[in-house]
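S.K.: I'd like to ask some things about the structure below.
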Amino acid sequence: MKTAITEMFGIQHPIIQGGMHYVGFAELAAAVSNAGGLGIITGLTQKTPELLAKEIARCRGMTDKPFGVNLTFLPSFTAPPYPEYIAAIREGGVKVVETAGRSPEQYMPALKAAGIKVIHKCTSVRHSLKAEKIGCDAVSVDGFECGGHPGEDDIPNMILLPRAAEELKIPFVASGGMADARSLVASLAMGASGMNMGTRFIATKEAPVHDNVKQALVAASELDTRLVMRELRNTERVLQNKGVDRLLDIERERGKGLKIEDIHDQVAGVYPKVMIDGDMDAGAWSCGMVAGLIHDIPTVKELIDRIMTEAEQIIRQRLAGFLDGAEVKAPARAVA
Ligand SMILES: Cc1cc2nc3c(=O)[nH]c(=O)nc-3n(C[C@H](O)[C@H](O)[C@H](O)COP(=O)(O)O)c2cc1C
């Protein structure tokens, strides 16, 4: 399948793995790139630019295919040294950066001077247009379903993607709620040139996280995520657990007066406890509603191959079949 995104990034399949804190290490990024997608190392999971440089080198040792680095600009107590992170990316020869959070405008000259393609993740049409205006090469349009930070507009992809298609000139991928061939074909139908997956890639053999996390995703349904930090205008979609229940109790108690310090124990330092130790009640960690569509733990290659094979079947048989007057049943449950 050739799309504007496969051509732009020099990849075989229009599938990107979004940056994920404490998940997007070299092992996962390389597995996705080796399977023909675009793997992404999560820049800020590496505590210093020097460590990011090492992680890039490690990934380079595992794949000769293109891969990218995610740079997230979120409110934080102490701002990371972004110019040094960008230098590590440039010197590591990485040619794709996925930006997210605040606008990357300030860093665009440095990224462009290094010949880096920038795909900015946005949760609204207006932010997507801003990304286009400041010279981003593509956007990842992240609907309300997504794991992580869906923004504050609450527009699901069924509306957001066609709206983005109406306004954008640069190519975009659909992000949030993407799990399988049905997601890919629907995204293409709504104007996207590919899809970005986060949560689905955690439940793969290569994802370097504790097995409890993968099992929790298989066990979870689409009803099991919660939105936290709304009052702080830093909304995050997370998987329900005891720590998150406590967080929501505190949010209810504090109401409009909620401060980030009030929920420190439920949001700070949670990722290593969950992803490394497998402590599933530790607190808030990002997870999408798409958990309801995750029923197995395949290898990344099995997952991507299955998506591409079934996408072709849906397009050639089910969709073309409608035009020929014969309905072909859709794949009911996408498991190996
Ligand atoms: C565990 C986890 C951690 C994430 N961490 C980041 C991050 O550090 N930076 C970022 O830009 N996006 C992050 N995301 C968002 C993903 O890149 C992606 O946009 C999102 O997962 C898409 O929605 P989906 O989970 O429904 O596929 C994270 C998502 C998950 C599930």
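Identifiers for the structure tokens are assigned positionally: chains receive A, B, ... in sequence, residues are indexed from 1 per chain, and ligands are indexed from 1 in the order shown.
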When you look at segment 240-250 of chain A with a cut-off of 7 Å (counting only C-alpha atoms), what residues show up, excluding the ones that are within fewer than 3 positions of it in the same chain? I need them as a list of chain:residue names.

M.R.: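 These residues fall inside the cut-off: A:Asp224, A:Thr225, A:Arg226, A:Val228, A:Glu253, A:Arg254, A:Ile263, A:Gln266, A:Met280, A:Asp281, A:Ala282, A:Gly283, A:Ala284.
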
S.K.: Any chance you can output those residues with N, CA and C atoms as an mmCIF file, in the first residue's frame?

M.R.:
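The new file selection-v3.cif reads:
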```cif
data_model
loop_
_atom_site.group_PDB
_atom_site.id
_atom_site.type_symbol
_atom_site.label_atom_id
_atom_site.label_comp_id
_atom_site.auth_asym_id
_atom_site.auth_seq_id
_atom_site.Cartn_x
_atom_site.Cartn_y
_atom_site.Cartn_z
ATOM 1 N N ASP A 224 -13.051 0.672 30.423
ATOM 2 C CA ASP A 224 -12.144 0.685 31.570
ATOM 3 C C ASP A 224 -11.153 1.844 31.624
ATOM 4 N N THR A 225 -11.294 2.832 30.739
ATOM 5 C CA THR A 225 -10.393 3.984 30.885
ATOM 6 C C THR A 225 -11.108 5.098 31.653
ATOM 7 N N ARG A 226 -10.332 5.991 32.207
ATOM 8 C CA ARG A 226 -10.865 7.142 32.944
ATOM 9 C C ARG A 226 -10.133 8.397 32.475
ATOM 10 N N VAL A 228 -8.494 11.824 33.705
ATOM 11 C CA VAL A 228 -8.023 12.473 34.932
ATOM 12 C C VAL A 228 -7.437 13.844 34.582
ATOM 13 N N GLU A 253 -13.087 15.599 45.760
ATOM 14 C CA GLU A 253 -13.013 16.347 47.033
ATOM 15 C C GLU A 253 -12.548 17.785 46.801
ATOM 16 N N ARG A 254 -11.526 17.964 46.003
ATOM 17 C CA ARG A 254 -10.925 19.302 45.809
ATOM 18 C C ARG A 254 -11.730 20.164 44.833
ATOM 19 N N ILE A 263 -2.358 15.621 43.790
ATOM 20 C CA ILE A 263 -2.417 14.281 43.196
ATOM 21 C C ILE A 263 -1.015 13.749 42.860
ATOM 22 N N GLN A 266 -0.316 10.034 42.892
ATOM 23 C CA GLN A 266 -1.033 9.202 41.905
ATOM 24 C C GLN A 266 -0.539 9.442 40.475
ATOM 25 N N MET A 280 0.161 -2.864 38.925
ATOM 26 C CA MET A 280 -0.944 -2.348 38.120
ATOM 27 C C MET A 280 -1.871 -1.404 38.876
ATOM 28 N N ASP A 281 -1.658 -1.210 40.174
ATOM 29 C CA ASP A 281 -2.494 -0.280 40.941
ATOM 30 C C ASP A 281 -1.745 0.989 41.325
ATOM 31 N N ALA A 282 -0.602 1.224 40.682
ATOM 32 C CA ALA A 282 0.293 2.306 41.115
ATOM 33 C C ALA A 282 -0.267 3.702 40.879
ATOM 34 N N GLY A 283 -1.143 3.887 39.896
ATOM 35 C CA GLY A 283 -1.640 5.232 39.597
ATOM 36 C C GLY A 283 -1.889 5.408 38.114
ATOM 37 N N ALA A 284 -1.796 6.682 37.671
ATOM 38 C CA ALA A 284 -2.236 7.028 36.323
ATOM 39 C C ALA A 284 -1.192 6.719 35.264
#
```

S.K.: Which residues are near ligand 1 in this structure, taking near to mean any atom at most 7 Å from a ligand atom and counting only C-alpha atoms and all ligand atoms? Format them as an MDAnalysis selection string.

M.R.: chainID A and resid 18:21 23 42 70:72 99:101 121 142 145:149 175:178 196:200 285:290

S.K.: List as a Markdown table every residue of segment 18-89 of chain A that is in contact with segment 293-302 of chain A, defined as an atom at most 9 Å from one of its atoms (using only C-alpha atoms), together with the nearest atom pair and the distance in Å rounded to one decimal, sorted by chain and then rising number.

M.R.:
```
| residue | atom | partner | partner_atom | distance |
| --- | --- | --- | --- | --- |
| A:Leu28 | CA | A:Val300 | CA | 8.2 |
| A:Ala31 | CA | A:Val300 | CA | 6.3 |
| A:Val32 | CA | A:Val300 | CA | 6.2 |
| A:Asn34 | CA | A:Lys301 | CA | 7.9 |
| A:Ala35 | CA | A:Lys301 | CA | 5.0 |
| A:Gly36 | CA | A:Lys301 | CA | 8.3 |
```

S.K.: Residues of segment 44-290 of chain A classed as alpha helix (DSSP H) by DSSP on the backbone are to be reported as a ChimeraX atom specification.

M.R.: /A:49-62,82-91,108-113,125-133,157-167,181-189,199-202,211-219,242-254,264-267,270-275

S.K.: Report as a ChimeraX atom specification all protein, DNA and RNA residues lying within 9 Å of Lys169 of chain A, evaluated on only C-alpha atoms, omitting residues in the same chain fewer than 3 positions from it.

M.R.: /A:129,132,165-166

S.K.: Given the selection you just returned, output its residues as a file containing all heavy atoms, formatted as a PDB file, in the first residue's frame.

M.R.:
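Resulting contents of result-v9.pdb:
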```
ATOM      1  N   LEU A 129      -3.818  22.964  11.767  1.00  0.00           N
ATOM      2  CA  LEU A 129      -3.568  24.040  10.792  1.00  0.00           C
ATOM      3  C   LEU A 129      -2.358  24.872  11.210  1.00  0.00           C
ATOM      4  O   LEU A 129      -1.569  25.307  10.370  1.00  0.00           O
ATOM      5  CB  LEU A 129      -4.807  24.930  10.652  1.00  0.00           C
ATOM      6  CG  LEU A 129      -5.946  24.295   9.838  1.00  0.00           C
ATOM      7  CD1 LEU A 129      -7.215  25.142   9.929  1.00  0.00           C
ATOM      8  CD2 LEU A 129      -5.540  24.099   8.374  1.00  0.00           C
ATOM      9  N   GLU A 132       0.671  22.969  10.263  1.00  0.00           N
ATOM     10  CA  GLU A 132       0.916  23.121   8.809  1.00  0.00           C
ATOM     11  C   GLU A 132       1.589  24.469   8.531  1.00  0.00           C
ATOM     12  O   GLU A 132       2.558  24.553   7.777  1.00  0.00           O
ATOM     13  CB  GLU A 132      -0.429  23.014   8.082  1.00  0.00           C
ATOM     14  CG  GLU A 132      -0.344  23.167   6.594  1.00  0.00           C
ATOM     15  CD  GLU A 132      -1.710  22.928   5.947  1.00  0.00           C
ATOM     16  OE1 GLU A 132      -2.061  21.770   5.696  1.00  0.00           O
ATOM     17  OE2 GLU A 132      -2.436  23.922   5.717  1.00  0.00           O
ATOM     18  N   ALA A 165      -9.425  16.462   7.198  1.00  0.00           N
ATOM     19  CA  ALA A 165      -9.294  16.285   5.736  1.00  0.00           C
ATOM     20  C   ALA A 165      -9.859  17.494   4.989  1.00  0.00           C
ATOM     21  O   ALA A 165      -9.349  17.870   3.932  1.00  0.00           O
ATOM     22  CB  ALA A 165     -10.006  15.004   5.307  1.00  0.00           C
ATOM     23  N   GLU A 166     -10.912  18.083   5.543  1.00  0.00           N
ATOM     24  CA  GLU A 166     -11.503  19.262   4.873  1.00  0.00           C
ATOM     25  C   GLU A 166     -10.536  20.438   4.836  1.00  0.00           C
ATOM     26  O   GLU A 166     -10.573  21.250   3.932  1.00  0.00           O
ATOM     27  CB  GLU A 166     -12.775  19.699   5.622  1.00  0.00           C
ATOM     28  CG  GLU A 166     -13.975  18.814   5.352  1.00  0.00           C
ATOM     29  CD  GLU A 166     -15.211  19.209   6.177  1.00  0.00           C
ATOM     30  OE1 GLU A 166     -15.162  20.219   6.911  1.00  0.00           O
ATOM     31  OE2 GLU A 166     -16.207  18.496   6.086  1.00  0.00           O
TER      32      GLU A 166
END
```

S.K.: Enumerate as an NGL selection string all residues of segment 196-256 of chain A assigned to strand (DSSP E or B) by DSSP on the backbone, naming them with the chain letters and numbers the document uses.

M.R.: :A and (196-197 or 225-228 or 236-239)

S.K.: Can you tell me how far atom CA of Lys117 of chain A sits from atom CA of Met8 of chain A, in Å to one decimal?

M.R.: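 Atom CA of Met8 of chain A lies 8.3 Å from atom CA of Lys117 of chain A.
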
S.K.: Quick one: everything within 9 Å of Cys59 of chain A, counting only C-alpha atoms, minus sequence neighbours fewer than 3 positions away in the same chain. Send it as an NGL selection string.

M.R.: :A and (25-27 or 29-30 or 41 or 54-56 or 62-64 or 67)

S.K.: Keeping N, CA and C atoms, export the residues of the selection given above as a compact mmCIF listing (two decimals), in the first residue's frame.

M.R.:
```
# COMPACT_ATOMS: atom_id res chain seq x y z
N PHE A 25 11.09 2.23 23.87
CA PHE A 25 12.54 2.01 23.89
C PHE A 25 12.96 1.45 22.52
N ALA A 26 14.27 1.25 22.36
CA ALA A 26 14.81 0.79 21.08
C ALA A 26 14.18 -0.53 20.63
N GLU A 27 13.90 -1.44 21.59
CA GLU A 27 13.36 -2.77 21.22
C GLU A 27 12.06 -2.64 20.43
N ALA A 29 10.72 0.22 19.02
CA ALA A 29 10.88 1.05 17.81
C ALA A 29 11.49 0.21 16.68
N ALA A 30 12.53 -0.57 17.01
CA ALA A 30 13.18 -1.39 15.98
C ALA A 30 12.24 -2.46 15.45
N ILE A 41 11.21 6.13 19.12
CA ILE A 41 11.81 6.12 20.47
C ILE A 41 11.25 7.33 21.23
N LYS A 54 22.56 7.28 23.18
CA LYS A 54 22.87 5.85 23.30
C LYS A 54 21.69 4.99 22.84
N GLU A 55 20.48 5.43 23.18
CA GLU A 55 19.29 4.67 22.79
C GLU A 55 19.13 4.67 21.26
N ILE A 56 19.42 5.81 20.65
CA ILE A 56 19.37 5.89 19.17
C ILE A 56 20.40 4.91 18.57
N MET A 62 19.78 -2.45 15.86
CA MET A 62 18.72 -3.47 15.73
C MET A 62 17.94 -3.36 14.42
N THR A 63 18.09 -2.23 13.73
CA THR A 63 17.36 -2.08 12.46
C THR A 63 18.13 -1.19 11.49
N ASP A 64 18.02 -1.51 10.20
CA ASP A 64 18.59 -0.58 9.22
C ASP A 64 17.48 0.22 8.54
N PHE A 67 13.60 5.06 11.54
CA PHE A 67 12.82 5.17 12.78
C PHE A 67 12.86 6.62 13.24
```

S.K.: Need the shell around Gly135 of chain A: protein/DNA/RNA residues with any atom at most 12 Å away, counting only C-alpha atoms. Skip same-chain ones fewer than 3 positions apart. Format as an NGL selection string?

M.R.: :A and (103-109 or 111-112 or 116-120 or 128-132 or 138-139 or 169-170)

S.K.: Identify, on the basis of only C-alpha atoms, every residue whose closest approach to Arg318 of chain A does not exceed 8 Å; exclude the query and any residue fewer than 4 positions from it along the same chain; express the result as an mmCIF file with N, CA, C and O atoms, in the first residue's frame.

M.R.:
```cif
data_model
loop_
_atom_site.group_PDB
_atom_site.id
_atom_site.type_symbol
_atom_site.label_atom_id
_atom_site.label_comp_id
_atom_site.auth_asym_id
_atom_site.auth_seq_id
_atom_site.Cartn_x
_atom_site.Cartn_y
_atom_site.Cartn_z
ATOM 1 N N GLN A 313 -8.105 -7.404 2.283
ATOM 2 C CA GLN A 313 -9.365 -8.171 2.148
ATOM 3 C C GLN A 313 -10.578 -7.258 2.276
ATOM 4 O O GLN A 313 -11.536 -7.363 1.513
ATOM 5 N N ILE A 314 -10.542 -6.351 3.246
ATOM 6 C CA ILE A 314 -11.701 -5.458 3.443
ATOM 7 C C ILE A 314 -11.921 -4.599 2.191
ATOM 8 O O ILE A 314 -13.040 -4.444 1.713
ATOM 9 N N PHE A 322 -19.626 -4.530 -2.095
ATOM 10 C CA PHE A 322 -20.850 -3.724 -2.041
ATOM 11 C C PHE A 322 -21.198 -3.182 -3.426
ATOM 12 O O PHE A 322 -22.360 -3.152 -3.828
ATOM 13 N N GLU A 327 -22.477 -8.707 -0.339
ATOM 14 C CA GLU A 327 -21.850 -8.319 0.923
ATOM 15 C C GLU A 327 -20.969 -9.440 1.463
ATOM 16 O O GLU A 327 -21.401 -10.580 1.585
ATOM 17 N N VAL A 328 -19.702 -9.086 1.769
ATOM 18 C CA VAL A 328 -18.783 -10.044 2.397
ATOM 19 C C VAL A 328 -18.668 -9.647 3.856
ATOM 20 O O VAL A 328 -18.442 -8.477 4.170
ATOM 21 N N LYS A 329 -18.835 -10.637 4.753
ATOM 22 C CA LYS A 329 -18.802 -10.328 6.178
ATOM 23 C C LYS A 329 -17.438 -9.750 6.564
ATOM 24 O O LYS A 329 -16.399 -10.211 6.095
ATOM 25 N N ALA A 330 -17.441 -8.744 7.423
ATOM 26 C CA ALA A 330 -16.182 -8.144 7.883
ATOM 27 C C ALA A 330 -15.497 -9.095 8.855
ATOM 28 O O ALA A 330 -16.160 -9.870 9.524
#
```

S.K.: Restricting the calculation to only C-alpha atoms, which member of A:Asn157, A:Ser33, A:Gln17, A:Thr3 is positioned closest to Lys65 of chain A?

M.R.: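 Closest to Lys65 of chain A, using only C-alpha atoms: A:Ser33.
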
S.K.: Any idea what's packed within 8 Å of Val141 of chain A, counting only C-alpha atoms, ignoring anything in its chain fewer than 6 positions away? Could you give it as a CSV table (one decimal) with all heavy atoms, in the first residue's frame?

M.R.:
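Listing of part_7.csv after writing:
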```csv
chain,number,residue,atom,x,y,z
A,121,LYS,N,1.7,15.9,16.7
A,121,LYS,CA,0.5,15.2,17.1
A,121,LYS,C,-0.5,16.3,17.6
A,121,LYS,O,-0.1,17.0,18.5
A,121,LYS,CB,0.8,14.2,18.1
A,121,LYS,CG,-0.4,13.2,18.4
A,121,LYS,CD,0.1,11.9,18.9
A,121,LYS,CE,1.0,12.1,20.1
A,121,LYS,NZ,1.7,10.9,20.4
A,122,CYS,N,-1.7,16.3,17.1
A,122,CYS,CA,-2.6,17.4,17.5
A,122,CYS,C,-4.0,16.8,17.8
A,122,CYS,O,-4.4,15.8,17.1
A,122,CYS,CB,-2.9,18.4,16.3
A,122,CYS,SG,-1.5,19.0,15.5
A,123,THR,N,-4.7,17.4,18.7
A,123,THR,CA,-6.0,16.9,19.0
A,123,THR,C,-7.1,17.8,18.5
A,123,THR,O,-8.3,17.7,18.9
A,123,THR,CB,-6.2,16.8,20.6
A,123,THR,OG1,-5.9,18.1,21.1
A,123,THR,CG2,-5.2,15.8,21.2
A,124,SER,N,-6.8,18.8,17.6
A,124,SER,CA,-7.8,19.6,17.0
A,124,SER,C,-7.4,20.1,15.6
A,124,SER,O,-6.3,20.0,15.3
A,124,SER,CB,-8.0,20.9,17.9
A,124,SER,OG,-6.9,21.7,17.8
A,128,SER,N,-3.8,21.5,14.2
A,128,SER,CA,-3.3,20.9,12.9
A,128,SER,C,-2.9,22.0,11.9
A,128,SER,O,-1.9,21.9,11.2
A,128,SER,CB,-4.3,19.9,12.3
A,128,SER,OG,-4.6,18.9,13.3
A,160,LEU,N,-13.4,14.2,13.8
A,160,LEU,CA,-12.2,15.0,13.8
A,160,LEU,C,-11.4,14.7,12.5
A,160,LEU,O,-10.8,15.6,11.8
A,160,LEU,CB,-11.3,14.6,15.0
A,160,LEU,CG,-10.1,15.5,15.2
A,160,LEU,CD1,-10.4,16.9,15.4
A,160,LEU,CD2,-9.3,15.0,16.5
A,161,LEU,N,-11.4,13.4,12.0
A,161,LEU,CA,-10.6,13.0,10.8
A,161,LEU,C,-11.2,13.7,9.6
A,161,LEU,O,-10.4,14.3,8.8
A,161,LEU,CB,-10.5,11.5,10.7
A,161,LEU,CG,-9.7,10.8,11.8
A,161,LEU,CD1,-9.8,9.3,11.7
A,161,LEU,CD2,-8.3,11.3,11.9
A,164,ALA,N,-10.4,17.3,9.6
A,164,ALA,CA,-9.0,17.6,9.3
A,164,ALA,C,-8.8,17.5,7.8
A,164,ALA,O,-8.1,18.3,7.2
A,164,ALA,CB,-8.1,16.6,10.0
A,172,PHE,N,-1.9,13.6,6.8
A,172,PHE,CA,-2.1,13.3,8.2
A,172,PHE,C,-2.4,11.8,8.4
A,172,PHE,O,-2.9,11.1,7.5
A,172,PHE,CB,-3.2,14.1,8.9
A,172,PHE,CG,-4.6,13.9,8.4
A,172,PHE,CD1,-5.4,13.0,9.1
A,172,PHE,CD2,-5.1,14.5,7.2
A,172,PHE,CE1,-6.7,12.8,8.6
A,172,PHE,CE2,-6.4,14.2,6.8
A,172,PHE,CZ,-7.2,13.4,7.5
A,173,VAL,N,-2.0,11.3,9.6
A,173,VAL,CA,-2.4,10.0,10.0
A,173,VAL,C,-3.4,10.1,11.1
A,173,VAL,O,-3.5,11.0,11.9
A,173,VAL,CB,-1.2,9.1,10.5
A,173,VAL,CG1,-0.2,8.9,9.4
A,173,VAL,CG2,-0.5,9.7,11.7
A,174,ALA,N,-4.3,9.0,11.2
A,174,ALA,CA,-5.3,9.0,12.2
A,174,ALA,C,-4.7,8.3,13.5
A,174,ALA,O,-4.0,7.3,13.4
A,174,ALA,CB,-6.4,8.1,11.7
A,175,SER,N,-4.9,8.9,14.6
A,175,SER,CA,-4.4,8.4,15.9
A,175,SER,C,-5.5,8.4,16.9
A,175,SER,O,-6.3,9.3,17.0
A,175,SER,CB,-3.2,9.4,16.3
A,175,SER,OG,-2.7,9.0,17.5
```

S.K.: Measure the distance from atom CA of Leu217 of chain A to atom CA of Ala189 of chain A in Å and round it to one decimal.

M.R.: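 Separation of atom CA of Leu217 of chain A and atom CA of Ala189 of chain A: 27.6 Å.
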
S.K.: My list of candidates is A:Ile315, A:Ala268, A:Leu74, A:Ile40. Which is closest to Glu98 of chain A when distances are computed with only C-alpha atoms?

M.R.: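 The shortest atom-to-atom distance to Glu98 of chain A comes from A:Ile40.
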